[in-house]
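Have a look at query29.csv below; it lists CSV, C-alpha atoms and all ligand atoms.
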chain,number,residue,atom,x,y,z
X,1,MET,CA,-2.0,0.5,4.7
X,2,VAL,CA,-2.0,4.3,4.4
X,3,ASN,CA,0.3,5.6,1.6
X,4,GLU,CA,1.2,9.2,0.7
X,5,ALA,CA,-1.7,9.6,-1.7
X,6,GLN,CA,-4.2,8.4,0.9
X,7,LEU,CA,-3.0,10.8,3.7
X,8,VAL,CA,-5.8,13.1,4.7
X,9,ARG,CA,-4.5,16.7,4.6
X,10,ASN,CA,-7.8,18.4,5.4
X,11,PHE,CA,-10.9,17.6,7.5
X,12,THR,CA,-14.1,16.7,5.8
X,13,ASP,CA,-16.7,19.5,5.6
X,14,SER,CA,-19.1,17.7,7.9
X,15,ARG,CA,-18.2,16.3,11.3
X,16,ILE,CA,-20.8,13.6,10.9
X,17,THR,CA,-19.8,10.3,9.3
X,18,ASN,CA,-22.3,7.5,9.1
X,19,GLY,CA,-24.4,9.3,11.7
X,20,VAL,CA,-21.5,9.6,14.1
X,21,GLU,CA,-20.0,12.8,15.3
X,22,MET,CA,-16.3,12.6,14.7
X,23,VAL,CA,-13.5,13.8,17.0
X,24,ARG,CA,-11.0,15.7,14.9
X,25,LEU,CA,-7.3,15.3,15.4
X,26,LEU,CA,-4.7,17.3,13.5
X,27,ALA,CA,-1.3,15.5,13.3
X,28,VAL,CA,1.7,17.7,13.0
X,29,SER,CA,5.2,16.3,12.5
X,30,GLY,CA,8.1,18.6,13.4
X,31,SER,CA,10.3,17.0,10.8
X,32,LEU,CA,10.4,17.8,7.1
X,33,ARG,CA,12.4,14.7,6.3
X,34,GLN,CA,10.7,12.3,3.8
X,35,ALA,CA,11.5,9.2,5.8
X,36,SER,CA,10.9,11.0,9.2
X,37,SER,CA,10.4,8.6,12.1
X,38,ASN,CA,8.1,11.3,13.7
X,39,SER,CA,6.0,11.5,10.6
X,40,ILE,CA,5.8,7.7,10.3
X,41,LEU,CA,4.7,7.5,14.0
X,42,LEU,CA,1.9,9.9,13.2
X,43,ARG,CA,0.9,7.8,10.2
X,44,ALA,CA,0.7,4.7,12.4
X,45,VAL,CA,-2.1,6.6,14.2
X,46,GLU,CA,-4.3,6.0,11.2
X,47,HIS,CA,-4.2,2.3,11.9
X,48,LEU,CA,-4.9,2.6,15.6
X,49,CYS,CA,-7.3,5.4,16.3
X,50,PRO,CA,-10.8,4.7,17.4
X,51,GLU,CA,-13.5,4.7,14.7
X,52,GLU,CA,-15.0,8.0,15.7
X,53,VAL,CA,-11.8,9.8,15.2
X,54,GLN,CA,-10.8,11.7,12.1
X,55,VAL,CA,-7.1,12.4,11.6
X,56,ALA,CA,-5.8,15.0,9.2
X,57,HIS,CA,-2.1,15.7,8.7
X,58,TYR,CA,-0.8,19.3,8.4
X,59,GLU,CA,2.0,19.3,6.0
X,60,GLY,CA,2.5,23.0,5.3
X,61,ILE,CA,5.3,23.8,7.6
X,62,ALA,CA,7.9,24.2,4.9
X,63,GLU,CA,5.6,26.7,3.1
X,64,LEU,CA,5.3,29.1,6.0
X,65,PRO,CA,7.4,32.3,5.7
X,66,HIS,CA,9.8,33.2,8.5
X,67,PHE,CA,7.8,34.6,11.3
X,68,ASN,CA,7.7,38.4,11.3
X,69,PRO,CA,5.4,40.3,13.7
X,70,ASP,CA,5.1,43.1,11.1
X,71,LEU,CA,3.1,40.6,9.0
X,72,LEU,CA,0.6,39.9,11.7
X,73,GLU,CA,-1.8,42.7,10.6
X,74,ASN,CA,-2.2,41.1,7.2
X,75,PRO,CA,-1.0,37.5,7.5
X,76,PRO,CA,0.1,35.5,4.4
X,77,GLU,CA,-2.4,32.9,3.0
X,78,SER,CA,-0.3,30.0,4.3
X,79,VAL,CA,-0.6,31.3,7.8
X,80,LEU,CA,-4.4,31.8,7.5
X,81,ALA,CA,-4.7,28.3,6.2
X,82,LEU,CA,-2.7,27.0,9.2
X,83,ARG,CA,-4.9,28.9,11.6
X,84,ALA,CA,-8.0,27.7,9.9
X,85,ILE,CA,-7.1,24.0,10.2
X,86,ILE,CA,-6.0,24.4,13.8
X,87,GLY,CA,-9.4,26.0,14.5
X,88,GLN,CA,-11.2,23.0,13.0
X,89,ALA,CA,-9.2,20.5,15.1
X,90,ASP,CA,-10.4,19.3,18.5
X,91,GLY,CA,-6.9,18.4,19.4
X,92,LEU,CA,-3.4,18.4,18.1
X,93,LEU,CA,-1.1,15.4,17.9
X,94,VAL,CA,2.5,16.6,17.8
X,95,SER,CA,5.6,14.5,17.1
X,96,CYS,CA,8.8,16.5,16.9
X,97,PRO,CA,12.5,15.6,16.7
X,98,GLU,CA,15.4,17.1,18.6
X,99,TYR,CA,18.0,19.2,16.7
X,100,ALA,CA,21.0,20.4,18.6
X,101,ARG,CA,19.2,19.9,21.9
X,102,GLY,CA,16.3,22.1,20.8
X,103,ILE,CA,13.1,22.4,18.8
X,104,PRO,CA,13.7,22.3,15.0
X,105,GLY,CA,13.6,25.8,13.5
X,106,ALA,CA,10.8,25.1,11.0
X,107,PHE,CA,8.5,23.7,13.7
X,108,LYS,CA,9.2,26.6,16.1
X,109,ASN,CA,8.5,29.0,13.2
X,110,MET,CA,5.1,27.4,12.9
X,111,LEU,CA,4.4,27.8,16.6
X,112,ASP,CA,5.5,31.5,16.5
X,113,TRP,CA,2.8,32.1,13.9
X,114,LEU,CA,0.2,30.7,16.3
X,115,VAL,CA,1.2,32.6,19.4
X,116,SER,CA,-1.1,35.5,18.8
X,117,SER,CA,-3.8,33.5,17.0
X,118,GLU,CA,-7.4,33.1,18.3
X,119,GLU,CA,-7.3,29.4,17.3
X,120,PHE,CA,-4.5,28.1,19.4
X,121,PRO,CA,-4.9,29.0,23.1
X,122,GLY,CA,-6.5,26.3,25.1
X,123,LYS,CA,-6.0,23.7,22.3
X,124,PRO,CA,-5.5,20.2,23.8
X,125,VAL,CA,-2.2,18.7,22.6
X,126,ALA,CA,-0.9,15.1,22.8
X,127,LEU,CA,2.9,15.1,22.6
X,128,PHE,CA,4.3,12.0,20.9
X,129,ASN,CA,8.0,11.5,20.9
X,130,ALA,CA,9.8,9.0,18.6
X,131,SER,CA,13.1,9.1,20.5
X,132,PRO,CA,13.8,8.5,24.2
X,133,ARG,CA,17.0,10.7,23.7
X,134,ALA,CA,15.1,13.8,22.7
X,135,SER,CA,14.5,15.0,26.2
X,136,HIS,CA,15.8,18.6,25.7
X,137,ALA,CA,13.5,19.2,22.8
X,138,GLN,CA,10.6,17.7,24.6
X,139,ALA,CA,11.2,19.9,27.7
X,140,ALA,CA,11.6,23.0,25.4
X,141,LEU,CA,8.4,22.1,23.5
X,142,ARG,CA,6.4,21.8,26.8
X,143,LEU,CA,7.6,25.2,27.9
X,144,VAL,CA,6.7,26.8,24.6
X,145,LEU,CA,3.3,25.1,24.4
X,146,GLU,CA,2.4,26.0,27.9
X,147,THR,CA,3.5,29.6,27.3
X,148,MET,CA,1.1,29.6,24.4
X,149,SER,CA,-1.7,28.3,26.7
X,150,ALA,CA,-1.9,24.9,25.1
X,151,SER,CA,-3.4,22.2,27.2
X,152,ILE,CA,-0.9,19.3,27.2
X,153,ILE,CA,-2.8,16.0,27.9
X,154,GLU,CA,-0.4,13.8,29.9
X,155,GLN,CA,-2.3,10.6,29.5
X,156,ALA,CA,-2.1,10.9,25.8
X,157,SER,CA,1.6,11.9,25.7
X,158,ILE,CA,4.0,9.0,25.0
X,159,THR,CA,7.5,8.1,23.9
X,160,VAL,CA,7.8,5.4,21.3
X,161,ASN,CA,11.3,4.2,20.7
X,162,LEU,CA,11.8,4.3,17.0
X,163,LEU,CA,15.6,5.0,17.2
X,164,SER,CA,17.5,2.6,14.9
X,165,SER,CA,14.2,1.1,13.7
X,166,GLN,CA,13.3,0.9,10.1
X,167,SER,CA,9.6,0.6,11.0
X,168,SER,CA,6.8,1.4,8.6
X,169,ALA,CA,3.5,2.8,9.9
X,170,GLU,CA,2.0,-0.6,9.5
X,171,GLY,CA,4.9,-2.2,11.4
X,172,ILE,CA,4.5,0.2,14.3
X,173,ALA,CA,0.8,-0.4,14.4
X,174,ALA,CA,1.3,-4.2,14.4
X,175,ASP,CA,4.1,-4.2,17.0
X,176,PRO,CA,3.0,-5.9,20.3
X,177,VAL,CA,4.5,-3.1,22.4
X,178,MET,CA,4.2,0.1,20.3
X,179,GLY,CA,0.7,-0.7,18.9
X,180,PRO,CA,-1.1,-1.0,22.3
X,181,LEU,CA,0.9,2.0,23.7
X,182,ILE,CA,-0.3,4.3,20.9
X,183,ARG,CA,-3.9,2.9,21.0
X,184,THR,CA,-4.2,3.5,24.7
X,185,ALA,CA,-2.8,7.1,24.3
X,186,LEU,CA,-5.3,7.8,21.5
X,187,GLY,CA,-8.2,6.4,23.5
X,188,ALA,CA,-7.2,8.7,26.5
X,189,PHE,CA,-7.0,11.7,24.1
X,190,LYS,CA,-10.4,11.0,22.6
X,191,ARG,CA,-12.0,10.6,26.0
X,192,ARG,CA,-10.4,13.9,27.2
X,193,LEU,CA,-11.6,15.7,24.0
X,194,GLU,CA,-15.2,14.3,24.4
X,195,THR,CA,-15.5,15.3,28.1
X,196,GLN,CA,-13.8,18.7,27.7
X,197,GLU,CA,-12.5,18.4,31.3
X,198,PRO,CA,-9.4,20.5,32.1
X,201,LIG,C1,21.2,18.6,12.6
X,201,LIG,C2,20.7,17.5,13.5
X,201,LIG,C3,20.9,17.7,14.9
X,201,LIG,C4,20.5,16.7,15.8
X,201,LIG,N1,20.6,16.9,17.1
X,201,LIG,C5,20.1,16.0,18.0
X,201,LIG,C6,20.2,16.2,19.4
X,201,LIG,O1,20.6,17.2,19.9
X,201,LIG,N2,19.7,15.2,20.2
X,201,LIG,C7,19.2,14.1,19.7
X,201,LIG,O2,18.7,13.2,20.5
X,201,LIG,N3,19.1,13.8,18.4
X,201,LIG,C8,19.6,14.7,17.5
X,201,LIG,N4,19.5,14.5,16.2
X,201,LIG,C9,19.0,13.3,15.7
X,201,LIG,C10,17.5,13.4,15.3
X,201,LIG,O3,16.7,13.9,16.3
X,201,LIG,C11,17.0,12.1,14.8
X,201,LIG,O4,17.7,11.7,13.7
X,201,LIG,C12,15.5,12.0,14.6
X,201,LIG,O5,15.2,10.7,14.2
X,201,LIG,C13,15.1,13.0,13.5
X,201,LIG,O6,13.7,12.9,13.4
X,201,LIG,P1,13.0,12.4,12.1
X,201,LIG,O7,13.4,11.0,11.9
X,201,LIG,O8,11.5,12.6,12.4
X,201,LIG,O9,13.4,13.3,11.0
X,201,LIG,C14,19.9,15.5,15.3
X,201,LIG,C15,19.8,15.3,13.9
X,201,LIG,C16,20.2,16.3,13.0
X,201,LIG,C17,20.0,16.1,11.5

Show me, as structure tokens, the structure contained in the file I just sent.
Amino acid sequence: MVNEAQLVRNFTDSRITNGVEMVRLLAVSGSLRQASSNSILLRAVEHLCPEEVQVAHYEGIAELPHFNPDLLENPPESVLALRAIIGQADGLLVSCPEYARGIPGAFKNMLDWLVSSEEFPGKPVALFNASPRASHAQAALRLVLETMSASIIEQASITVNLLSSQSSAEGIAADPVMGPLIRTALGAFKRRLETQEP
């Protein structure tokens, strides 16, 4: 079981663990809600990812200032920290809710800070979705990410129906439908990151 205190918020200094080179995934939830279904989905990943995968969770969205191009010349510390952890990640695992048929403002604000960064373009992204109803936000997210030159990995992008479910991360991982779906997506993402194929 992975609780709040055990959540990894940064990658380890070395990529090598027990002699194995780790693939680094950065999980980013688009929801600030404590009991967020999108965040819980990303925590379930901890229970299901292949051994050679290290998952860190970026949880600094609420600390980012409102995007202002005037600040790009001398970006705030929180933005530099965001860019640094994006740069360390081999791939991003994004799970984002839909608000008023769009991308939540706080998450879009984070993306805006990454538009002109060196770290983001070309970054492989797996899009997880905790709601089959969130089609507008998913479409908008794809458009934005593609505009930012992200590489969306389709085989690793899945919808897991957590609507009206009170699932915990462990419950999702143990579920006979959701568990294998997530595991397969993670396996496909890892293979894609290892081969570096387009
Ligand atoms: C202000 C607000 C607007 C919402 N708008 C939509 C919407 O347009 N479409 C939709 O499918 N769900 C909408 N929802 C429902 C959320 O997407 C849903 O509660 C989701 O579980 C939130 O993600 P979270 O559990 O990760 O916080 C909205 C919720 C809120 C609070």

Show me, as a tab-separated table, the residues of chain X having an atom within 8 Å of ligand LIG 201 (chain X), each with the closest atom pair and its distance in Å, using all atoms listed in the file.
residue	atom	partner	partner_atom	distance
X:Ser29	CA	X:LIG201	O8	7.3
X:Gly30	CA	X:LIG201	O8	7.0
X:Ser31	CA	X:LIG201	O9	4.8
X:Leu32	CA	X:LIG201	O9	6.7
X:Arg33	CA	X:LIG201	O9	5.0
X:Gln34	CA	X:LIG201	O9	7.8
X:Ala35	CA	X:LIG201	O7	6.6
X:Ser36	CA	X:LIG201	O8	3.6
X:Ser37	CA	X:LIG201	O7	3.8
X:Asn38	CA	X:LIG201	O8	3.9
X:Ser39	CA	X:LIG201	O8	5.9
X:Ile40	CA	X:LIG201	O8	7.8
X:Ser95	CA	X:LIG201	O8	7.8
X:Cys96	CA	X:LIG201	O8	6.5
X:Pro97	CA	X:LIG201	O6	4.4
X:Glu98	CA	X:LIG201	O3	4.1
X:Tyr99	CA	X:LIG201	N1	3.5
X:Ala100	CA	X:LIG201	O1	3.5
X:Arg101	CA	X:LIG201	O1	3.6
X:Gly102	CA	X:LIG201	O1	6.6
X:Ala130	CA	X:LIG201	O5	7.2
X:Ser131	CA	X:LIG201	O5	6.8
X:Pro132	CA	X:LIG201	O2	7.7
X:Arg133	CA	X:LIG201	O2	4.4
X:Ala134	CA	X:LIG201	O2	4.3
X:Ser135	CA	X:LIG201	O2	7.3
X:His136	CA	X:LIG201	N2	7.6
X:Ala137	CA	X:LIG201	N2	7.8
X:Leu162	CA	X:LIG201	O5	7.8
X:Leu163	CA	X:LIG201	O5	6.5

List the neighbours of Gln196 in chain X out to 10 Å using only C-alpha atoms; skip same-chain residues closer than 4 positions along the sequence, and give me the result as a PyMOL selection string.
chain X and resi 90+124+190-192

Pick from X:Leu80, X:Leu26, X:Ala89, X:Ala188: nearest to Glu46 in chain X, with only C-alpha atoms counted?
X:Leu26

Set the distance at 10 Å and use all atoms listed in the file: which residues neighbour Glu170 in chain X once local chain neighbours fewer than 4 positions away are removed? I'd like the list as a tab-separated table (two decimals) with C-alpha atoms, in the coordinates of the input.
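Dumped to out06.tsv:
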chain	number	residue	atom	x	y	z
X	1	MET	CA	-2.00	0.50	4.70
X	2	VAL	CA	-2.00	4.30	4.40
X	40	ILE	CA	5.80	7.70	10.30
X	41	LEU	CA	4.70	7.50	14.00
X	43	ARG	CA	0.90	7.80	10.20
X	44	ALA	CA	0.70	4.70	12.40
X	45	VAL	CA	-2.10	6.60	14.20
X	46	GLU	CA	-4.30	6.00	11.20
X	47	HIS	CA	-4.20	2.30	11.90
X	48	LEU	CA	-4.90	2.60	15.60
X	174	ALA	CA	1.30	-4.20	14.40
X	175	ASP	CA	4.10	-4.20	17.00
X	179	GLY	CA	0.70	-0.70	18.90

Between CA of Ile103 in chain X and CA of Leu127 in chain X, what is the distance in Å, rounded to a tenth?
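Computing it gives 13.1 Å between the two atoms.
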
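Counting only C-alpha atoms, the residue from X:Glu146, X:Phe107, X:Leu42, X:Leu92 that sits nearest to Ile172 in chain X is X:Leu42.
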
Using only C-alpha atoms, determine which residues lie at most 9 Å from Ala185 in chain X, disregarding the query and same-chain residues fewer than 2 positions distant; provide the list as a list in words.
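Skipping anything fewer than 2 positions along the chain leaves Ala126, Gln155, Ala156, Ser157, Ile158, Pro180, Leu181, Ile182, Arg183, Gly187, Ala188, Phe189 and Lys190 of chain X.
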